[in-house]
Amino acid sequence: MPKIVKVVYYRVKPRWLMVKVTDENDEFGWGEATLEGHDLAVEGCLDEMIPRIIGMEANEIENIWQTFWRHGFYRGGPVFMSALSGIDIALWDLKGKILGVPIYELLGGKVRSKVQVYCWIGGDRPSDVEQAAKARLAQGLKCVKMNATEDLGWIDSPSKLDAAVERLKAVRSLGLDAGLDFHGRVHKAMAKQLAKALEPHRPLFIEEPLLSEHPEAIKQLSGLTTVPIALGERLYTRWDVKRFLEDASVDILQPDIAHAGGISETKRIATMCEAYDVAIAPHCPLGPVAFAACMQIALSSPNFAILEMSLGMHYNTEAGDDIDLLTYLKDPTVFDLGDDGHIKAPTGPGLGIEIDEEIVKEVSKGTSPWQCKVFHGPDGSIREW
């Protein structure tokens, strides 16, 4: 079978890191290794990984995955797993192209013909959500997501919670379902209050109501609310996920395919979740390669619920140059939204998309590393993004 001869990566606006793997027959696949705010760290990890796979057989995806996992001794964590994700996704894309089939055919075939998606409204400090929600409704979406609150103190004014409830009510009144992202910025004392206040208005889920480093508090919170609890973007392997499944503290697992070991590990996580009656809703505020990879998981996983889509997201528009989810695609219609808020299964081989490498190369020339947002309280203390 063909051997890997070249691996390159491109940092592109708004904040994405694309990986291209080429074999000795000049066939290639695309991956995404985006880790928001840590471009240089992931690039350094890729520089260490790439020489180790040159000359390996490109079709041996699991062997390559296990080589990095087992032979590296130190493993896991966001940087290592994001670099591995970029390589893994590219290898799956390459294999699908060589065999002439979509990746979902290699994962057991489709269990659905289309995928429901949601998009963002409101930005980091949510505002004007009603107008933004109306625009999303006009696009055909049935569900949106917004930050539940602005950045908060450990204990903050109850008025901040009242504002979150009013925003949810405004969006729900339009006939849209809405997920509320606490973004790990809400501490335990406030999270308990906010979950209770939101519950009568039936959000689709509350996301990262507490940081995943507080599993005992998440378990406590899950017993205090009937609102589905979603988390997982800061869990990177099946071993990270295991405790939350055993605790029965999560209802919707949100692995990020660009952080969680690519298609290989994300599919394993999805299968684990099914055994605990937990849905998956992949986290994907990222680029077209990660989104296409998530589509393959969504189409082949019985417990898939809904998929995040970065089209028109605030981080994209803030980057300027009119760069968005569709910019790097030769055929953007592959991600066309139906009026029912779904995207049809792609039929092309591999990821089912064609990346315009010339645009990627051109944009990469002037793309600086993206930095995480920085928030401070009125007293100057650091707050969670």
# chains A, B, ... in the order shown; residues from 1 in each chain; ligands from 1
$ residues_around --residues "stretch 101-114 of chain A" --least-positions-apart "3" --cutoff "7 Å" --atoms "only C-alpha atoms" --output "list in words"
Trp92, Asp93, Gly96, Lys97, Gln296, Ile297, Leu299, Ser300, Ser301, Pro302, His342, Ile343, Lys344, Ala345, Thr347, Gly348, Pro349, Gly350, Leu351 and Gly352 of chain A
$ write_last_selection --atoms "C-alpha atoms" --output "PDB file, in the first residue's frame"
ATOM      1  CA  TRP A  92      -9.234   8.971   6.859  1.00  0.00           C
ATOM      2  CA  ASP A  93      -9.847  11.476   4.051  1.00  0.00           C
ATOM      3  CA  GLY A  96     -11.757   7.292   1.516  1.00  0.00           C
ATOM      4  CA  LYS A  97     -10.463   8.972  -1.630  1.00  0.00           C
ATOM      5  CA  GLN A 296     -19.069  11.565   8.923  1.00  0.00           C
ATOM      6  CA  ILE A 297     -19.399  10.740  12.643  1.00  0.00           C
ATOM      7  CA  LEU A 299     -24.091  10.140   9.804  1.00  0.00           C
ATOM      8  CA  SER A 300     -22.739   6.862  11.198  1.00  0.00           C
ATOM      9  CA  SER A 301     -23.587   7.179  14.917  1.00  0.00           C
ATOM     10  CA  PRO A 302     -27.044   6.132  16.185  1.00  0.00           C
ATOM     11  CA  HIS A 342     -30.449  19.932   8.160  1.00  0.00           C
ATOM     12  CA  ILE A 343     -27.541  19.314   5.767  1.00  0.00           C
ATOM     13  CA  LYS A 344     -27.711  16.353   3.404  1.00  0.00           C
ATOM     14  CA  ALA A 345     -25.133  13.597   3.596  1.00  0.00           C
ATOM     15  CA  THR A 347     -21.653  11.719  -1.433  1.00  0.00           C
ATOM     16  CA  GLY A 348     -18.070  12.481  -2.449  1.00  0.00           C
ATOM     17  CA  PRO A 349     -15.163  10.248  -1.409  1.00  0.00           C
ATOM     18  CA  GLY A 350     -13.317  10.794   1.845  1.00  0.00           C
ATOM     19  CA  LEU A 351     -14.594  13.835   3.698  1.00  0.00           C
ATOM     20  CA  GLY A 352     -16.785  14.693   0.713  1.00  0.00           C
TER      21      GLY A 352
END
$ residues_around --residues "A:Glu384" --least-positions-apart "2" --cutoff "10 Å" --atoms "only C-alpha atoms" --output "list in words"
Glu150, Asp151, Leu152, Gly153, His183, Gly184, Arg185, Val186, His187, Lys373, Val374, Phe375, His376, Gly377 and Ile382 of chain A
$ closest_atom_pairs --of "stretch 57-148 of chain A" --to "stretch 34-38 of chain A" --cutoff "9 Å" --atoms "only C-alpha atoms" --output "Markdown table"
| residue | atom | partner | partner_atom | distance |
| --- | --- | --- | --- | --- |
| A:Pro78 | CA | A:Leu35 | CA | 7.4 |
| A:Val79 | CA | A:Leu35 | CA | 7.2 |
| A:Ser82 | CA | A:Leu35 | CA | 6.4 |
| A:Ala83 | CA | A:Thr34 | CA | 8.1 |
| A:Ser85 | CA | A:Thr34 | CA | 8.9 |
| A:Gly86 | CA | A:Thr34 | CA | 7.8 |
$ atom_distance --atom1 "atom CA of A:Lys365" --atom2 "atom CA of A:Arg15"
13.5 Å
$ closest_residue --among "A:Asn25, A:Thr367, A:Ser127, A:Ser310" --to "A:Leu286" --atoms "only C-alpha atoms"
A:Ser310
$ closest_residue --among "A:Leu137, A:Ala298, A:Leu253, A:Val21" --to "A:Ser173" --atoms "only C-alpha atoms"
A:Leu137
$ residues_around --residues "A:Cys143" --least-positions-apart "4" --cutoff "7 Å" --atoms "only C-alpha atoms" --output "number ranges by chain"
A: 118, 176-178
$ write_last_selection --atoms "N, CA and C atoms" --output "compact mmCIF listing (two decimals), in the first residue's frame"
# COMPACT_ATOMS: atom_id res chain seq x y z
N TYR A 118 -26.84 23.49 14.31
CA TYR A 118 -27.20 24.76 14.91
C TYR A 118 -26.06 25.73 14.69
N LEU A 176 -37.71 29.07 17.98
CA LEU A 176 -36.42 28.40 17.90
C LEU A 176 -36.10 27.67 19.19
N ASP A 177 -35.46 26.53 19.08
CA ASP A 177 -34.84 25.91 20.24
C ASP A 177 -33.47 26.56 20.44
N ALA A 178 -33.00 26.55 21.69
CA ALA A 178 -31.73 27.21 21.97
C ALA A 178 -30.94 26.44 23.01
$ select_by_dssp --residues "stretch 165-238 of chain A" --states "alpha helix (DSSP H)" --output "PyMOL selection string"
chain A and resi 165-172+188-198+215-222+238
$ closest_residue --among "A:Met81, A:Ala293, A:Val7, A:Met313" --to "A:Trp69" --atoms "only C-alpha atoms"
A:Met81
$ residues_around --residues "stretch 212-228 of chain A" --least-positions-apart "3" --cutoff "6 Å" --atoms "only C-alpha atoms" --output "PyMOL selection string"
chain A and resi 205+249+251
$ atom_distance --atom1 "atom CA of A:Gly287" --atom2 "atom CA of A:Met18"
8.6 Å
$ atom_distance --atom1 "atom CA of A:Asp128" --atom2 "atom CA of A:Trp385"
19.9 Å
$ select_by_dssp --residues "stretch 72-249 of chain A" --states "strand (DSSP E or B)" --output "list in words"
Pro102, Lys114, Val115, Gln116, Val117, Tyr118, Cys119, Trp120, Cys143, Val144, Lys145, Met146, Asn147, Asp177, Ala178, Gly179, Leu180, Asp181, Phe205, Ile206, Glu207, Ile229, Ala230 and Leu231 of chain A
$ closest_residue --among "A:Ile355, A:Met309, A:Leu329, A:Ala319" --to "A:Lys145" --atoms "only C-alpha atoms"
A:Met309
